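This report refers to the structure that appears directly beneath it.
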Amino acid sequence: MPAPSKNWSDIVDSQIDAESPIDTTIMTQIRDDLVFLKEWLGSSYTAAVDHNHDGINSANVVLADSTVTIAKLRLGQGSYSTTLSQTDHYISTGSAFVHLPRMILVGQTSTATLSAELTGAGDSTFHTQFKLNFTTGGSCAVYWEYHSN
Amino acid sequence: MYIEVLHDAQGNIAACWCADTLPQNAGAPFFIVNGGLPAGHEQARLNIDTLTAMEIEAASGHKAVVDPQTGQPKIVNIDRTQYIMQAFKADVTRDITLPAGVDLPVAMKVRGIIRQ
């Protein structure tokens with residue numbers, strides 16, 4: 001943002017008391033202060049009660065790279081648990097953008113493999129699904145996080 | 001919280017899917033068991049009330065517990081689906097009428113939830 005074209009001038013009490021004339025000095029100060037305020041607010045933007053930095057009533061806020069942390073993203077959590085072994089489970093993540101999952105097996109002899117895949121046909125968007133091959137064991141749980149916005 | 005389960009004729013839950021938000025394609029099953037459902041089993045969405053949802057949320061997540069083996073505190077992570085399978089059953093005694101406008105896979109039912 002460029003600096004305002006007029007400087008700010010403080011108007012002292014002695015300039016506006018009963019004996020002081022309304023001269024070019026005071027009028028110029030008032031004019032310059034108004035210009036300073038207008039340009040400080042953003043002369044090229046539409047005046048509004050609130051500035052929400054939408055690029056119309058005030059400048060957009062541009063975030064520098066790497067300033068948005070995971071904690072500020074809207075993430076959802078999903079999970080799937082089963083005791084049904086000796087089969088494949090196809091698990092919908094419900095979202096187009098999913099973080100890699102983690103899997104927990106319960107039982108000393110439990111075995112399972114987990115993979116992520118996109119399948120489908122035609123003119124469509126396909127969301128990630130997980131394929132859980134739960135071979136044997138007590139139970140198996142899969143957890144994932146996804147972007148819900 | 002959206003929940004879909006695979007349960008037997010008594011309502012015991014053999015598989016449970018749970019997520020924070022409704023998937024974009026809510027008219028499709030949230031999970032599929034390869035080769036079809038086991039005999040006597042049914043796949044259903046669960047209808048839960050707010051208090052039950054709060055109970056599930058409160059009971060899941062990272063918890064500090066006392067290890068019965070060592071007597072020392074330790075952190076355990078209890079997932080929502082694990083808690084649901086341990087604490088609840090699908091209520092197979094009654095059918096729930098689906099409100100208008102709710103997407104549900106063909107032939108899939110909505111079940112209530114009862115405590116084990």
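Ordered as shown in the structure tokens, chains take letters A, B, and onward, while each chain numbers its residues from 1 and ligands are numbered from 1 in the order shown.
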Neighbours of chain B in chain A at 12 Å, counting only C-alpha atoms, as a ChimeraX atom specification: /A:74-97,103-106,124-134,138-149
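By only C-alpha atoms, and with residues fewer than 6 positions from A:Asp13 along its chain excluded, the set lying at most 12 Å from it is Glu19, Ser20 and Ile26 of chain A.
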Got time to write the residues from that selection, C-alpha atoms, as a PDB file, in the first residue's frame?
```pdb
ATOM      1  CA  GLU A  19     -11.056  34.142  18.359  1.00  0.00           C
ATOM      2  CA  SER A  20      -9.416  32.084  15.624  1.00  0.00           C
ATOM      3  CA  ILE A  26      -6.966  25.410   9.012  1.00  0.00           C
TER       4      ILE A  26
END
```
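Nearest-residue note for B:His41: choosing from B:Gly11, B:Pro99, B:Pro105, B:Gly112, the minimum distance belongs to B:Gly11, counting only C-alpha atoms.
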As a ChimeraX atom specification, please: all residues of chain B that backbone DSSP puts in helix (DSSP H, G or I). /B:50-59,80-87
Looking only at strand (DSSP E) from DSSP on the backbone, list the matching residues of stretch 3-147 of chain A as number ranges by chain. A: 75-82, 87-92, 102-106, 111-117, 129-136, 139-147
Write a file of the just-selected residues containing C-alpha atoms, as a tab-separated table (two decimals), in the first residue's frame.
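Okay, again15.tsv is ready:
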```
chain	number	residue	atom	x	y	z
A	75	LEU	CA	-10.10	-32.22	9.06
A	76	GLY	CA	-12.51	-35.03	9.71
A	77	GLN	CA	-11.78	-38.45	11.10
A	78	GLY	CA	-13.05	-41.75	9.87
A	79	SER	CA	-12.54	-45.26	11.08
A	80	TYR	CA	-13.56	-48.81	10.38
A	81	SER	CA	-13.39	-51.82	12.67
A	82	THR	CA	-14.26	-55.41	11.97
A	87	THR	CA	-12.26	-61.56	3.34
A	88	ASP	CA	-11.62	-58.21	1.68
A	89	HIS	CA	-13.33	-55.08	2.93
A	90	TYR	CA	-13.69	-52.08	0.64
A	91	ILE	CA	-13.91	-48.99	2.82
A	92	SER	CA	-15.16	-45.67	1.48
A	102	ARG	CA	-3.07	-46.37	9.99
A	103	MET	CA	-4.13	-49.86	10.92
A	104	ILE	CA	-4.26	-51.63	14.25
A	105	LEU	CA	-4.56	-55.38	14.65
A	106	VAL	CA	-5.79	-56.97	17.85
A	111	THR	CA	-2.62	-60.59	9.86
A	112	ALA	CA	-3.95	-58.04	7.40
A	113	THR	CA	-2.88	-55.85	4.54
A	114	LEU	CA	-4.26	-52.44	3.70
A	115	SER	CA	-4.06	-50.56	0.42
A	116	ALA	CA	-5.57	-47.41	-1.02
A	117	GLU	CA	-7.09	-47.42	-4.46
A	129	GLN	CA	-11.20	-46.14	-0.90
A	130	PHE	CA	-9.20	-48.51	1.23
A	131	LYS	CA	-8.98	-52.21	0.57
A	132	LEU	CA	-8.52	-54.14	3.77
A	133	ASN	CA	-7.56	-57.77	3.38
A	134	PHE	CA	-8.17	-59.08	6.89
A	135	THR	CA	-6.73	-62.57	6.72
A	136	THR	CA	-7.04	-63.81	10.23
A	139	SER	CA	-10.18	-57.70	15.08
A	140	CYS	CA	-8.78	-55.06	12.83
A	141	ALA	CA	-9.23	-51.30	12.88
A	142	VAL	CA	-8.39	-48.69	10.26
A	143	TYR	CA	-8.19	-44.95	10.97
A	144	TRP	CA	-7.90	-42.09	8.54
A	145	GLU	CA	-8.15	-38.32	8.44
A	146	TYR	CA	-9.65	-36.42	5.54
A	147	HIS	CA	-10.26	-32.88	4.41
```
What is the atom CA of A:Asp33 to atom CA of A:Trp8 distance in Å? 5.3 Å
Distance of atom CA of A:Pro101 from atom CA of B:Leu46, expressed in Å to one decimal place: 23.7 Å
